[in-house]
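Have a look at run-v6.cif; it's mmCIF, C-alpha atoms:
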data_protein
loop_
_atom_site.group_PDB
_atom_site.id
_atom_site.type_symbol
_atom_site.label_atom_id
_atom_site.label_comp_id
_atom_site.auth_asym_id
_atom_site.auth_seq_id
_atom_site.Cartn_x
_atom_site.Cartn_y
_atom_site.Cartn_z
ATOM 1 C CA MET O 1 -3.998 156.460 -28.910
ATOM 2 C CA LEU O 2 -3.269 154.106 -26.039
ATOM 3 C CA GLU O 3 -5.495 156.047 -23.701
ATOM 4 C CA PHE O 4 -8.240 155.829 -26.272
ATOM 5 C CA LEU O 5 -7.905 152.040 -26.496
ATOM 6 C CA ILE O 6 -7.905 151.666 -22.726
ATOM 7 C CA SER O 7 -10.946 153.903 -22.359
ATOM 8 C CA LEU O 8 -12.744 151.938 -25.035
ATOM 9 C CA LEU O 9 -12.020 148.678 -23.220
ATOM 10 C CA ILE O 10 -13.215 150.119 -19.926
ATOM 11 C CA VAL O 11 -16.453 151.436 -21.414
ATOM 12 C CA THR O 12 -17.136 148.158 -23.235
ATOM 13 C CA GLY O 13 -16.387 146.189 -20.082
ATOM 14 C CA ALA O 14 -18.635 148.351 -17.970
ATOM 15 C CA GLY O 15 -21.376 148.056 -20.593
ATOM 16 C CA PHE O 16 -21.294 144.266 -20.572
ATOM 17 C CA ALA O 17 -21.150 144.090 -16.785
ATOM 18 C CA PHE O 18 -24.189 146.359 -16.715
ATOM 19 C CA ILE O 19 -26.112 144.250 -19.246
ATOM 20 C CA GLY O 20 -25.315 141.137 -17.243
ATOM 21 C CA SER O 21 -26.719 142.718 -14.099
ATOM 22 C CA LEU O 22 -29.683 144.063 -16.038
ATOM 23 C CA GLY O 23 -30.479 140.447 -16.871
ATOM 24 C CA LEU O 24 -31.100 139.828 -13.179
ATOM 25 C CA ALA O 25 -33.840 142.433 -13.192
ATOM 26 C CA ARG O 26 -35.370 141.798 -16.604
ATOM 27 C CA LEU O 27 -35.507 138.036 -16.972
ATOM 28 C CA LYS O 28 -38.492 136.163 -15.640
ATOM 29 C CA ASP O 29 -37.433 133.059 -13.760
ATOM 30 C CA PHE O 30 -34.537 131.880 -11.694
ATOM 31 C CA TYR O 31 -32.947 129.700 -14.373
ATOM 32 C CA THR O 32 -32.927 132.335 -17.094
ATOM 33 C CA ARG O 33 -31.603 134.879 -14.598
ATOM 34 C CA LEU O 34 -28.584 132.640 -14.091
ATOM 35 C CA HIS O 35 -27.499 133.279 -17.676
ATOM 36 C CA GLY O 36 -26.857 136.995 -17.285
ATOM 37 C CA PRO O 37 -24.227 136.961 -14.563
ATOM 38 C CA THR O 38 -22.411 133.858 -15.813
ATOM 39 C CA LYS O 39 -21.856 135.089 -19.337
ATOM 40 C CA ALA O 40 -22.362 138.742 -20.009
ATOM 41 C CA THR O 41 -20.139 139.546 -17.071
ATOM 42 C CA THR O 42 -17.231 137.359 -18.188
ATOM 43 C CA LEU O 43 -16.562 139.595 -21.188
ATOM 44 C CA GLY O 44 -17.297 142.669 -19.077
ATOM 45 C CA VAL O 45 -14.773 141.776 -16.427
ATOM 46 C CA GLY O 46 -12.441 140.445 -19.146
ATOM 47 C CA CYS O 47 -12.362 143.827 -20.904
ATOM 48 C CA LEU O 48 -11.764 145.662 -17.642
ATOM 49 C CA LEU O 49 -8.903 143.338 -16.770
ATOM 50 C CA ILE O 50 -7.255 143.714 -20.185
ATOM 51 C CA ALA O 51 -7.513 147.467 -19.760
ATOM 52 C CA SER O 52 -5.976 147.205 -16.297
ATOM 53 C CA ALA O 53 -3.124 144.978 -17.504
ATOM 54 C CA LEU O 54 -2.379 147.323 -20.417
ATOM 55 C CA TYR O 55 -2.475 150.411 -18.238
ATOM 56 C CA PHE O 56 -0.216 149.123 -15.493
ATOM 57 C CA SER O 57 2.187 147.402 -17.894
ATOM 58 C CA LEU O 58 2.727 150.446 -20.070
ATOM 59 C CA ILE O 59 2.450 153.243 -17.566
ATOM 60 C CA GLY O 60 3.840 151.466 -14.503
ATOM 61 C CA GLN O 61 7.355 150.126 -14.028
ATOM 62 C CA SER O 62 6.896 146.458 -14.839
ATOM 63 C CA ILE O 63 4.555 144.109 -16.645
ATOM 64 C CA SER O 64 1.398 143.497 -14.687
ATOM 65 C CA LEU O 65 0.080 139.961 -14.971
ATOM 66 C CA HIS O 66 -2.158 139.665 -11.935
ATOM 67 C CA GLU O 67 -5.049 140.193 -14.287
ATOM 68 C CA VAL O 68 -4.385 136.910 -16.083
ATOM 69 C CA LEU O 69 -4.811 135.171 -12.773
ATOM 70 C CA VAL O 70 -8.051 136.994 -11.999
ATOM 71 C CA THR O 71 -9.432 135.985 -15.421
ATOM 72 C CA LEU O 72 -8.434 132.381 -14.847
ATOM 73 C CA PHE O 73 -10.086 132.223 -11.433
ATOM 74 C CA LEU O 74 -13.182 133.949 -12.767
ATOM 75 C CA PHE O 75 -13.547 131.440 -15.590
ATOM 76 C CA MET O 76 -13.187 128.610 -13.138
ATOM 77 C CA THR O 77 -15.543 129.901 -10.452
ATOM 78 C CA ALA O 78 -18.380 131.586 -12.385
ATOM 79 C CA PRO O 79 -19.647 128.383 -14.065
ATOM 80 C CA VAL O 80 -19.207 126.342 -10.918
ATOM 81 C CA SER O 81 -21.287 128.721 -8.822
ATOM 82 C CA ALA O 82 -23.930 128.888 -11.580
ATOM 83 C CA HIS O 83 -24.000 125.103 -11.643
ATOM 84 C CA MET O 84 -24.425 124.872 -7.872
ATOM 85 C CA LEU O 85 -27.196 127.494 -7.902
ATOM 86 C CA ALA O 86 -29.033 125.658 -10.685
ATOM 87 C CA LYS O 87 -28.644 122.386 -8.843
ATOM 88 C CA ALA O 88 -30.040 123.876 -5.649
ATOM 89 C CA ALA O 89 -32.920 125.413 -7.594
ATOM 90 C CA LEU O 90 -33.753 122.046 -9.152
ATOM 91 C CA HIS O 91 -33.636 120.451 -5.745
ATOM 92 C CA LEU O 92 -36.058 123.041 -4.341
ATOM 93 C CA ARG O 93 -38.259 122.744 -7.447
ATOM 94 C CA LEU O 94 -38.388 126.469 -8.088
ATOM 95 C CA ASP O 95 -40.891 127.757 -10.628
ATOM 96 C CA SER O 96 -39.486 127.571 -14.101
ATOM 97 C CA LEU O 97 -40.561 128.852 -17.496
ATOM 98 C CA ALA O 98 -38.963 125.830 -19.080
ATOM 99 C CA LYS O 99 -40.556 122.486 -18.433
ATOM 100 C CA PRO O 100 -38.485 121.049 -15.607
ATOM 101 C CA PRO O 101 -36.839 117.721 -16.356
ATOM 102 C CA GLU O 102 -39.139 114.843 -15.530
ATOM 103 C CA PHE O 103 -36.533 112.390 -14.317
ATOM 104 C CA PRO O 104 -35.935 112.615 -10.582
ATOM 105 C CA LEU O 105 -32.147 112.690 -11.017
ATOM 106 C CA SER O 106 -31.520 110.186 -8.300
ATOM 107 C CA GLY O 107 -29.366 107.120 -8.671
ATOM 108 C CA HIS O 108 -32.245 104.690 -8.985
ATOM 109 C CA SER O 109 -33.875 106.088 -12.065
ATOM 110 C CA VAL O 110 -31.252 105.216 -14.632
ATOM 111 C CA GLN O 111 -33.379 102.549 -16.250
ATOM 112 C CA ARG O 112 -36.419 104.746 -16.590
ATOM 113 C CA GLN O 113 -34.287 107.611 -17.799
ATOM 114 C CA ASP O 114 -32.917 105.453 -20.567
ATOM 115 C CA SER O 115 -36.296 104.401 -21.857
ATOM 116 C CA ALA O 116 -37.581 107.949 -21.637
ATOM 117 C CA LYS O 117 -34.746 109.060 -23.869
ATOM 118 C CA LEU O 118 -35.578 106.637 -26.672
ATOM 119 C CA MET C 1 7.586 108.151 -8.513
ATOM 120 C CA ARG C 2 3.886 108.364 -7.810
ATOM 121 C CA GLN C 3 4.610 108.881 -4.110
ATOM 122 C CA LEU C 4 7.160 111.576 -4.751
ATOM 123 C CA LEU C 5 5.336 113.502 -7.462
ATOM 124 C CA PRO C 6 1.646 112.584 -7.470
ATOM 125 C CA HIS C 7 0.656 114.977 -10.242
ATOM 126 C CA PRO C 8 3.517 115.846 -12.587
ATOM 127 C CA LEU C 9 1.285 118.222 -14.570
ATOM 128 C CA LEU C 10 0.110 120.166 -11.565
ATOM 129 C CA THR C 11 3.611 121.126 -10.440
ATOM 130 C CA PRO C 12 4.507 123.454 -13.359
ATOM 131 C CA ILE C 13 0.949 124.835 -13.445
ATOM 132 C CA LEU C 14 1.078 125.759 -9.767
ATOM 133 C CA ALA C 15 4.586 127.184 -10.179
ATOM 134 C CA ILE C 16 3.360 129.424 -13.018
ATOM 135 C CA LEU C 17 0.338 130.471 -10.958
ATOM 136 C CA TRP C 18 2.664 131.396 -8.114
ATOM 137 C CA LEU C 19 4.850 133.506 -10.412
ATOM 138 C CA LEU C 20 1.759 135.286 -11.720
ATOM 139 C CA LEU C 21 0.623 135.871 -8.177
ATOM 140 C CA VAL C 22 3.868 137.469 -7.022
ATOM 141 C CA ASN C 23 4.264 139.094 -10.455
ATOM 142 C CA SER C 24 8.004 138.466 -10.694
ATOM 143 C CA ILE C 25 10.435 135.990 -12.255
ATOM 144 C CA GLU C 26 13.300 136.153 -9.801
ATOM 145 C CA SER C 27 15.063 132.827 -9.365
ATOM 146 C CA GLY C 28 14.090 132.663 -5.694
ATOM 147 C CA GLN C 29 10.434 132.948 -6.582
ATOM 148 C CA ILE C 30 10.797 130.258 -9.255
ATOM 149 C CA VAL C 31 12.284 127.871 -6.704
ATOM 150 C CA LEU C 32 9.555 128.727 -4.199
ATOM 151 C CA GLY C 33 6.899 128.228 -6.902
ATOM 152 C CA LEU C 34 8.298 124.823 -7.810
ATOM 153 C CA PHE C 35 8.433 123.887 -4.133
ATOM 154 C CA LEU C 36 4.788 124.863 -3.662
ATOM 155 C CA GLY C 37 3.939 123.015 -6.879
ATOM 156 C CA TRP C 38 5.483 119.916 -5.356
ATOM 157 C CA LEU C 39 4.081 120.362 -1.839
ATOM 158 C CA LEU C 40 0.449 121.267 -2.603
ATOM 159 C CA PRO C 41 -0.360 118.218 -4.768
ATOM 160 C CA LYS C 42 1.230 116.029 -2.099
ATOM 161 C CA LEU C 43 -0.948 117.570 0.612
ATOM 162 C CA THR C 44 -4.135 117.501 -1.470
ATOM 163 C CA ILE C 45 -3.692 114.053 -3.015
ATOM 164 C CA GLN C 46 -6.888 112.932 -1.262
ATOM 165 C CA PHE C 47 -8.924 115.269 -3.444
ATOM 166 C CA TRP C 48 -7.333 114.129 -6.695
ATOM 167 C CA PRO C 49 -7.186 110.379 -6.544
ATOM 168 C CA GLU C 50 -7.155 109.841 -10.283
ATOM 169 C CA GLN C 51 -4.143 110.543 -12.417
ATOM 170 C CA ILE C 52 -4.607 113.408 -14.865
ATOM 171 C CA ARG C 53 -3.250 112.860 -18.338
ATOM 172 C CA ILE C 54 -3.437 115.085 -21.359
ATOM 173 C CA TYR C 55 -3.138 113.004 -24.467
ATOM 174 C CA ARG C 56 -3.389 115.760 -27.067
ATOM 175 C CA PRO C 57 -1.826 119.000 -25.768
ATOM 176 C CA LEU C 58 -2.012 120.728 -29.156
ATOM 177 C CA LEU C 59 -5.679 119.929 -29.486
ATOM 178 C CA LEU C 60 -6.157 121.390 -26.008
ATOM 179 C CA LEU C 61 -4.640 124.685 -27.181
ATOM 180 C CA LYS C 62 -6.845 124.722 -30.270
ATOM 181 C CA PHE C 63 -9.857 123.906 -28.113
ATOM 182 C CA LEU C 64 -9.058 126.791 -25.759
ATOM 183 C CA GLY C 65 -8.854 129.133 -28.757
ATOM 184 C CA ILE C 66 -12.270 128.077 -30.048
ATOM 185 C CA PHE C 67 -13.579 128.309 -26.509
ATOM 186 C CA LEU C 68 -12.365 131.920 -26.062
ATOM 187 C CA LEU C 69 -14.004 132.938 -29.349
ATOM 188 C CA ASP C 70 -17.220 131.246 -28.238
ATOM 189 C CA ILE C 71 -17.163 133.101 -24.928
ATOM 190 C CA ILE C 72 -16.985 136.415 -26.765
ATOM 191 C CA LEU C 73 -19.822 135.401 -29.099
ATOM 192 C CA ALA C 74 -21.810 134.120 -26.108
ATOM 193 C CA ASN C 75 -21.570 137.497 -24.450
ATOM 194 C CA PHE C 76 -23.050 139.221 -27.465
ATOM 195 C CA THR C 77 -25.789 136.613 -27.835
ATOM 196 C CA VAL C 78 -26.818 136.817 -24.193
ATOM 197 C CA ALA C 79 -26.578 140.610 -24.161
ATOM 198 C CA ARG C 80 -28.927 140.739 -27.149
ATOM 199 C CA LEU C 81 -31.381 138.335 -25.518
ATOM 200 C CA ILE C 82 -31.391 140.329 -22.283
ATOM 201 C CA LEU C 83 -31.923 143.624 -24.062
ATOM 202 C CA GLY C 84 -34.597 142.135 -26.335
ATOM 203 C CA SER C 85 -38.018 141.293 -24.983
ATOM 204 C CA PRO C 86 -37.747 138.724 -22.195
ATOM 205 C CA GLN C 87 -41.298 137.521 -22.932
ATOM 206 C CA SER C 88 -40.285 136.020 -26.255
ATOM 207 C CA LEU C 89 -37.566 133.795 -24.743
ATOM 208 C CA ARG C 90 -38.053 130.058 -25.026
ATOM 209 C CA PRO C 91 -36.074 128.545 -22.151
ATOM 210 C CA LEU C 92 -35.648 124.807 -22.203
ATOM 211 C CA PHE C 93 -34.082 121.984 -20.225
ATOM 212 C CA VAL C 94 -32.058 119.544 -22.281
ATOM 213 C CA THR C 95 -30.552 116.271 -21.118
ATOM 214 C CA ILE C 96 -27.286 115.453 -22.815
ATOM 215 C CA PRO C 97 -26.083 111.849 -22.729
ATOM 216 C CA LEU C 98 -22.369 111.923 -21.895
ATOM 217 C CA ASP C 99 -19.672 110.053 -23.757
ATOM 218 C CA VAL C 100 -16.831 111.337 -21.592
ATOM 219 C CA GLN C 101 -16.350 109.432 -18.373
ATOM 220 C CA SER C 102 -13.522 110.965 -16.370
ATOM 221 C CA GLY C 103 -14.478 113.465 -13.703
ATOM 222 C CA LEU C 104 -12.097 116.082 -15.046
ATOM 223 C CA ALA C 105 -13.482 115.906 -18.585
ATOM 224 C CA ILE C 106 -17.061 116.163 -17.314
ATOM 225 C CA SER C 107 -16.297 119.189 -15.156
ATOM 226 C CA PHE C 108 -14.429 120.799 -18.063
ATOM 227 C CA LEU C 109 -17.414 120.174 -20.322
ATOM 228 C CA ALA C 110 -19.861 121.546 -17.754
ATOM 229 C CA ASN C 111 -17.762 124.696 -17.299
ATOM 230 C CA VAL C 112 -17.454 125.191 -21.035
ATOM 231 C CA ILE C 113 -21.209 124.775 -21.493
ATOM 232 C CA SER C 114 -21.907 127.329 -18.786
ATOM 233 C CA LEU C 115 -19.611 129.889 -20.387
ATOM 234 C CA THR C 116 -20.850 129.518 -23.971
ATOM 235 C CA PRO C 117 -23.964 130.763 -25.780
ATOM 236 C CA GLY C 118 -27.224 130.557 -23.926
ATOM 237 C CA THR C 119 -26.605 127.415 -21.895
ATOM 238 C CA VAL C 120 -25.899 126.723 -18.217
ATOM 239 C CA SER C 121 -25.126 123.238 -17.010
ATOM 240 C CA SER C 122 -27.442 122.430 -14.132
ATOM 241 C CA ARG C 123 -26.858 118.929 -12.978
ATOM 242 C CA VAL C 124 -24.909 115.755 -13.586
ATOM 243 C CA SER C 125 -26.811 112.550 -12.983
ATOM 244 C CA PRO C 126 -25.248 110.582 -10.109
ATOM 245 C CA ASP C 127 -24.054 107.847 -12.460
ATOM 246 C CA HIS C 128 -22.202 110.463 -14.590
ATOM 247 C CA ARG C 129 -24.058 109.501 -17.724
ATOM 248 C CA TYR C 130 -26.284 112.508 -18.286
ATOM 249 C CA LEU C 131 -25.766 116.221 -18.024
ATOM 250 C CA LEU C 132 -28.770 118.445 -17.570
ATOM 251 C CA VAL C 133 -28.421 121.767 -19.360
ATOM 252 C CA HIS C 134 -30.648 124.822 -19.222
ATOM 253 C CA ALA C 135 -30.862 126.755 -22.480
ATOM 254 C CA LEU C 136 -31.916 130.374 -22.453
ATOM 255 C CA ASN C 137 -33.560 130.466 -25.858
ATOM 256 C CA GLU C 138 -33.722 127.253 -27.821
ATOM 257 C CA THR C 139 -36.397 125.648 -29.918
ATOM 258 C CA ASP C 140 -34.476 122.684 -31.281
ATOM 259 C CA PRO C 141 -33.040 120.529 -28.471
ATOM 260 C CA ALA C 142 -31.667 117.908 -30.881
ATOM 261 C CA ALA C 143 -29.570 120.506 -32.695
ATOM 262 C CA LEU C 144 -28.279 121.891 -29.391
ATOM 263 C CA ILE C 145 -27.222 118.437 -28.232
ATOM 264 C CA ALA C 146 -25.526 117.731 -31.557
ATOM 265 C CA THR C 147 -23.625 121.045 -31.426
ATOM 266 C CA ILE C 148 -22.424 120.538 -27.866
ATOM 267 C CA LYS C 149 -21.373 116.967 -28.537
ATOM 268 C CA SER C 150 -19.421 117.688 -31.703
ATOM 269 C CA ARG C 151 -18.022 121.097 -30.778
ATOM 270 C CA TYR C 152 -16.985 120.532 -27.164
ATOM 271 C CA GLU C 153 -17.379 116.970 -26.042
ATOM 272 C CA ALA C 154 -15.562 115.236 -28.890
ATOM 273 C CA PRO C 155 -12.342 117.276 -28.524
ATOM 274 C CA LEU C 156 -12.451 116.936 -24.724
ATOM 275 C CA LYS C 157 -12.785 113.198 -25.041
ATOM 276 C CA GLU C 158 -9.736 113.088 -27.291
ATOM 277 C CA ILE C 159 -7.739 115.351 -25.007
ATOM 278 C CA PHE C 160 -8.419 113.687 -21.666
ATOM 279 C CA GLU C 161 -9.338 110.114 -22.502
ATOM 280 C CA LYS C 162 -7.811 107.393 -24.526
#
Translate this structure into structure tokens?
Amino acid sequence: MLEFLISLLIVTGAGFAFIGSLGLARLKDFYTRLHGPTKATTLGVGCLLIASALYFSLIGQSISLHEVLVTLFLFMTAPVSAHMLAKAALHLRLDSLAKPPEFPLSGHSVQRQDSAKL
Amino acid sequence: MRQLLPHPLLTPILAILWLLLVNSIESGQIVLGLFLGWLLPKLTIQFWPEQIRIYRPLLLLKFLGIFLLDIILANFTVARLILGSPQSLRPLFVTIPLDVQSGLAISFLANVISLTPGTVSSRVSPDHRYLLVHALNETDPAALIATIKSRYEAPLKEIFEK
């Protein structure tokens, strides 16, 4: 029963990690490609880590909680790196399927930004 | 007090992280964890000039619960979009005016947005008043802004700001 649950978690995790990576190949521009690795992989890696924690806690000698830490770090770093990549892409004005934002995002444009919003 | 213990919240968090890292709860490790929890904030005070305060700890827990559920849903949504036809996606940039002001709340919000359905935060305006968000498949920017503001920003504002 337990082995079944762990296998299920591993297969699900691997599936989501695969779909996330598939996004890199299938999606059409840089910004949409960012979505795959930031999200689909969080659940993928999450499932794998739960499986790992279960396996080593129940079959090994003591409770294994390293996985909690890995999850925590992953949730902190994945969005930050996505944010930095998107920021760099905006700076380099990469081709985008979405209409890129018109405001120049520098400190001087606050006034114009405001009126554009209204 | 401020000199001795610059970030009272960070000390127990770092101690718990240390215990998770060594994967043990021996008393020696607890003492070492607490020591590191005291030492690291003192050494890194330059990076954290502003005091962190959590005004509504219970709301924070509830928020984290909602957030975890949303992450799971987000994974299914994005997986479906990736497996569906990429040609039919309608990506969109949306500018969200920010109500939260503290750096911590903004970074929390940006992280949450990046981890939840179909959105990645892309840029904060230098004056910290707007957050640029890229949506993977969205036709109604007003609805997206309203959802993000009510679902994530409002609780964060209550938790971290008075």
Selection result of the PyMOL selection byres ((chain C) within 6 of (chain O)) on this file, as a list in words: Leu20, Asn75, Ile82, Pro86, Pro91, Leu92, Asn111, Ser114, Leu115, Ser121, Ser122, Arg123, Ser125, Pro126 and Leu136 of chain C
Could you list, as a list in words, every residue within 8 Å of O:Ile10, counting all atoms listed in the file and ignoring same-chain residues fewer than 4 positions away?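 Counting only the stated atoms, we get Ile6, Ala14, Cys47, Leu48 and Ala51 of chain O.
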Ranking C:Gly37, C:Gly65, C:Pro155, C:Pro141 by minimum distance to C:Ala105 and counting all atoms listed in the file, which one comes first?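 Using all atoms listed in the file, the shortest distance to C:Ala105 belongs to C:Pro155.
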In Å, with one decimal, what is the gap from atom CA of C:Lys149 to atom CA of C:Ile71? 17.1 Å
So what does the PyMOL selection byres ((chain C and resi 74) around 7) actually pick up in this one, as a list in words? Lys39 of chain O; Asp70, Ile71, Ile72, Leu73, Asn75, Phe76, Thr77, Val78, Thr116, Pro117 and Gly118 of chain C
Taking all atoms of stretch 92-98 of chain O that the file lists and extending 4 Å past them on each side, where is the centre of the axis-aligned box and how long are its edges? Answer in Å to one decimal, as AutoDock Vina command-line options.
--center_x -38.5 --center_y 125.8 --center_z -11.7 --size_x 12.8 --size_y 14.1 --size_z 22.7
Atomic separation - atom CA of O:Gln61 relative to atom CA of C:Gly28, Å: 20.5 Å
For stretch 47-58 of chain C, find every residue with an atom within 10 Å (counting all atoms listed in the file), except residues of its own chain fewer than 6 positions away, and show them as a ChimeraX atom specification. /C:2,6-10,41,64,102-105,155-162
Nearby residues (only C-alpha atoms) at most 9 Å from C:Leu40, same-chain spacing under 4 positions excluded, as a PDB file with C-alpha atoms, in the coordinates of the input:
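Dumped to around-v5.pdb:
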ATOM      1  CA  THR C  11       3.611 121.126 -10.440  1.00  0.00           C
ATOM      2  CA  LEU C  14       1.078 125.759  -9.767  1.00  0.00           C
ATOM      3  CA  PHE C  35       8.433 123.887  -4.133  1.00  0.00           C
ATOM      4  CA  LEU C  36       4.788 124.863  -3.662  1.00  0.00           C
ATOM      5  CA  THR C  44      -4.135 117.501  -1.470  1.00  0.00           C
ATOM      6  CA  ILE C  45      -3.692 114.053  -3.015  1.00  0.00           C
TER       7      ILE C  45
END
Counting all atoms listed in the file, which residues sit no farther than 12 Å from the position (-16.5, 118.3, -27.7) in the file's frame? I'd like them as a ChimeraX atom specification. /C:59-60,62-64,66-67,98-100,105-106,108-110,112-113,145-160
Among listed residues C:Ala143, C:Val94, C:Ile25, C:Ile13, nearest C:Val120 (using only C-alpha atoms):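 Closest residue, counting only C-alpha atoms: C:Val94.
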